[in-house]
Structures are given as structure tokens and as C-alpha cells.
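Undergrad: One structure, as C-alpha cells, below. Some questions next.
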Amino acid sequence: MAEIMAHSLRTPILRTPDQYGMPYEDIFFPAIDGVPLEGWFIPAKNSKKLIICNHPMPANRYGFPGHLEPWKMFGGFEVNFLPEYKILHDAGYNIIAYDFRNHGRSGTGNGGIVAHGIVEYRDVIGSLRYARSRPDTKDMQIALYSRCVGANSTFVAMNKHPEEFKNIVAMLALQPSPPRAFVKTAMDNAKIPDGYELFDEAFKKKTGYVLDDFRPAEQSQADYIPTLVAQVKADFSMPFHYVEEIYNNISAKDKKLFWIEGTDQRFQGYNYFGQHPKVMLEWFDKHFK
């Protein structure tokens, strides 16, 4: 478990936007510390609305091939973001979706260590600066769709560089979560004596970090933009009160908490808005002028 959380998993990109009727451009740009990031730009005709998508760990811009070996450990089903992109694209949104460092086809950074937001925030800011540098997107309104580690990374970025978010119109934060919540739940369920402490020791040996270094509930206080937080309420991998704490600490006056019902599989939450887009579309449509 410490190894997976320390280095994640590189997973293949199995699907592309053109398979869903969307023309796209392969793009690449640097994080603010120079790590090369790769992604897609999916243009929408005659639109000045842009959504930048930040994926969860251990996924990539396409999703997660959980229906294939050796990646069946999170429920045995595929996570596919392309239906979401298609829905947003058909609703008039341009899309930038990219791979975080150490994921998908992006470059390796920090020795391959995954830091659950406290270095990946550099990728989030890199994506914003890239969008503001392209002649065809520099004048667009921007919203963020940030999932799990993507949401945690966005909160860290807001905390460290609030100036980068002054003109962001809204965010959808899907399942932001403190890593310690997963570890504590797993160790409690396995009834491993001193399991949390043993994990922390193993994780520190691999990364130099301990779980208390990752504090999305504190960092979410830096979020002043309109934010919809969504979470599988019965998520078996962690109690929902961790997400409530993150939500309650968000400083934005315009915020909403949406519970995904009908499953206890966290990774089904990543498929939810591709199957039930109403709440997602209403949130973004409300905040773009």
C-alpha cells in the first residue's frame, strides 16, 4: 500500500476524443518547475468557455483501465472520462485534459514520487499558464474540473499562488480526500496493530513524507471561487466526514455539496457525471457568463 501511494501506477491511455466524435489536438507544456506534461485540447466551435480537467491518482487524462489486469484492484471496472468530455463539448465547452507528472505520458518529476498535491500543484498552475498563453484560449473564461489528487493539488495551488485563480469562474471538486483517511480506514478494516504508524514509517522511507504532510482540509480554506464538491457518500474506502471537513473549510460563499448515492465504490464516482450529467452541467452553466 505504501508503494502504490508513493509511486502510483503508470496506466495506458486506451481511448481518444476522436473515437467519440470530437476533433482534438495533442498538446504539451511545462509545469512551473519544468516537468513536461502531455494532454489534449478539445476545441468547441464559437465558444469562449474552457474547462481544464485534473485527474485522480492513479488515472490519466483518459481515465483508468480498471477492467484489465494488472489494474483491477479498485473494483474491476473501467473509469472512462471521454463520455464526460463529450457531454461538456456538446454543451459548448472547450476542454484541456492532461496527465499529471508521473502519470500517463507526462514526464517524471521528483524522482517519481507522488506527493498527493504538494508538488503536483505545479502542474495545475502550468495548465493555467498554458491556457492563458495560447492565442485561441488566452481570452477564454476558465473553470476547473479537479478530481481527488487533482482537487487536492488545486487547493495547494490556490494556497500558494492565489493570484493564478483570480479569474477562474468555478470549480467542480470531485472526491477531494486526505490520504490519511484511506490509510486509517484500510488499517482499521484489516485490524493491523499499529497499522497507521507502520504505514507512515514505510511511506517516509520511500518518499521522505508522512501522512500529516498532506492537509487538503486546511488548504481548501484558500478556495474562494464557486465550488461544487461531489463525493460517493457510502465510499467504503473512507468515511464521508473527511470530505465534509474539506467542504466546510472552503472559503467561497457560493459552494455546494453533492452526495453520489447508489454505490460504495469510490471509482464509480469518477464515472458518475458521464452517466448523470445534470448537476455538473447546471453548475458550470450557472457560472459562465
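Convention: chains lettered A, B, ... in C-alpha cells order; per-chain residue numbering from 1; ligands numbered from 1 as shown.
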Could you give me, as an MDAnalysis selection string, each residue of segment 32-274 of chain A that DSSP assigns to strand (DSSP E or B) when run on this structure's backbone?
TA: chainID A and resid 36:42 49:54 63:64 79:80 94:98 141:147 168:174 227:232 255:260
Undergrad: Using only C-alpha atoms, find each residue of segment 34-58 of chain A with at least one atom at most 8 Å away from an atom of segment 131-141 of chain A; report its shortest atom-to-atom pair and that distance in Å (one decimal), sort the rows by chain and rising residue number, and return the result as JSON lines.
TA:
{"residue": "A:Lys48", "atom": "CA", "partner": "A:Met140", "partner_atom": "CA", "distance": 4.6}
{"residue": "A:Lys49", "atom": "CA", "partner": "A:Gln141", "partner_atom": "CA", "distance": 5.1}
{"residue": "A:Leu50", "atom": "CA", "partner": "A:Gln141", "partner_atom": "CA", "distance": 6.0}
Undergrad: Save the residues we just selected, C-alpha atoms, as a CSV table (one decimal), in the first residue's frame?
TA:
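What ended up in part29.csv:
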chain,number,residue,atom,x,y,z
A,48,LYS,CA,-15.1,31.2,-25.2
A,49,LYS,CA,-15.7,28.7,-22.4
A,50,LEU,CA,-12.8,26.5,-21.3
Undergrad: List the spatial neighbours of His103 of chain A as a list in words - criterion: any atom at most 10 Å away, only C-alpha atoms, same-chain residues fewer than 3 positions off excluded.
TA: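 Here the answer would be His7, Ser8, Leu9, Arg10, Thr11, Pro12, Leu37, Glu38, His55, Pro56, Met57, Pro58, Ala59, Asn60, Arg61, Tyr98, Asp99, Phe100, Ser106, Gly107, Thr108, Gly112 and Val114 of chain A.
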Undergrad: Within 12 Å of Tyr209 of chain A, counting only C-alpha atoms, which residues qualify if same-chain residues fewer than 2 places away don't, as a list in words?
TA: Ala2, Met5, Ala6, Ile113, Val114, Ala115, His116, Ile118, Val119, Pro179, Phe199, Asp200, Glu201, Ala202, Phe203, Lys204, Lys205, Lys206, Thr207, Leu211, Asp212, Asp213 and Phe214 of chain A
Undergrad: Using only C-alpha atoms, determine which residues lie at most 6 Å from Met238 of chain A, disregarding the query and same-chain residues fewer than 4 positions distant; provide the list as a count of residues only.
TA: 3
Undergrad: Which residue, A:Arg15, A:Lys160, A:Lys233, A:His241, has the smallest gap to Thr263 of chain A when you use only C-alpha atoms?
TA: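 For Thr263 of chain A, the nearest of the given residues is A:Lys233.
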Undergrad: In terms of the shortest atom-to-atom distance over only C-alpha atoms, which of A:Arg129, A:His287, A:Lys86, A:Lys184 is closest to Ile42 of chain A?
TA: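 Of the candidates, the smallest distance to Ile42 of chain A is held by A:Lys86.
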Undergrad: Which polymer residues have any atom within 6 Å of an atom of Tyr121 of chain A, counting only C-alpha atoms, with same-chain residues fewer than 2 positions away left out, as JSON, numbers by chain?
TA: {"A": [117, 119, 123, 124, 153, 154, 156, 157]}
Undergrad: Figure out the distance between atom CA of Pro216 of chain A and atom CA of Pro65 of chain A, please, to one decimal in Å.
TA: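 Interatomic distance, atom CA of Pro65 of chain A to atom CA of Pro216 of chain A: 26.6 Å.
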Undergrad: Work out how far atom CA of Ala190 of chain A is from atom CA of Arg147 of chain A, in Å to one decimal.
TA: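 We find that atom CA of Arg147 of chain A and atom CA of Ala190 of chain A lie 26.8 Å from each other.
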Undergrad: As a CSV table (one decimal) with N, CA and C atoms, in the first residue's frame, please: the residues near Cys148 of chain A (cut-off 7 Å, only C-alpha atoms, same-chain neighbours under 3 positions excluded).
TA:
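So the final result, stored in result22.csv, reads:
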chain,number,residue,atom,x,y,z
A,56,PRO,N,-7.7,12.0,-11.2
A,56,PRO,CA,-7.3,11.4,-9.9
A,56,PRO,C,-6.1,10.5,-10.1
A,151,ALA,N,-8.0,17.5,-7.2
A,151,ALA,CA,-8.6,18.6,-6.3
A,151,ALA,C,-7.7,19.0,-5.2
A,152,ASN,N,-7.0,18.0,-4.6
A,152,ASN,CA,-6.0,18.4,-3.6
A,152,ASN,C,-4.9,19.3,-4.1
A,174,LEU,N,-14.3,16.8,-7.4
A,174,LEU,CA,-14.8,15.5,-7.2
A,174,LEU,C,-14.0,14.7,-6.3
A,175,GLN,N,-14.5,14.3,-5.2
A,175,GLN,CA,-13.9,13.4,-4.2
A,175,GLN,C,-12.5,13.9,-3.7
A,176,PRO,N,-12.4,15.1,-3.3
A,176,PRO,CA,-11.1,15.5,-2.7
A,176,PRO,C,-11.0,14.8,-1.4
A,177,SER,N,-9.7,14.3,-1.1
A,177,SER,CA,-9.6,13.4,0.1
A,177,SER,C,-8.2,13.4,0.7
Undergrad: Nearest residue to Gly109 of chain A out of A:Glu69, A:Pro162, A:Ala170, A:Pro30, using only C-alpha atoms?
TA: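 Under the stated criterion, the closest residue is A:Pro30.
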Undergrad: Residues of segment 30-275 of chain A in helix (DSSP H, G or I) according to DSSP, as a PyMOL selection string?
TA: chain A and resi 72-74+82-90+110-112+121-133+149-160+162-165+179-190+195-207+211-213+216-222+241-249+266-269+272-275
Undergrad: Could you tell me which of A:Met73, A:Ala230, A:Ile142, A:Ala44 comes closest to Asp90 of chain A if we count only C-alpha atoms?
TA: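 The answer is A:Ala44, which sits nearest to Asp90 of chain A.
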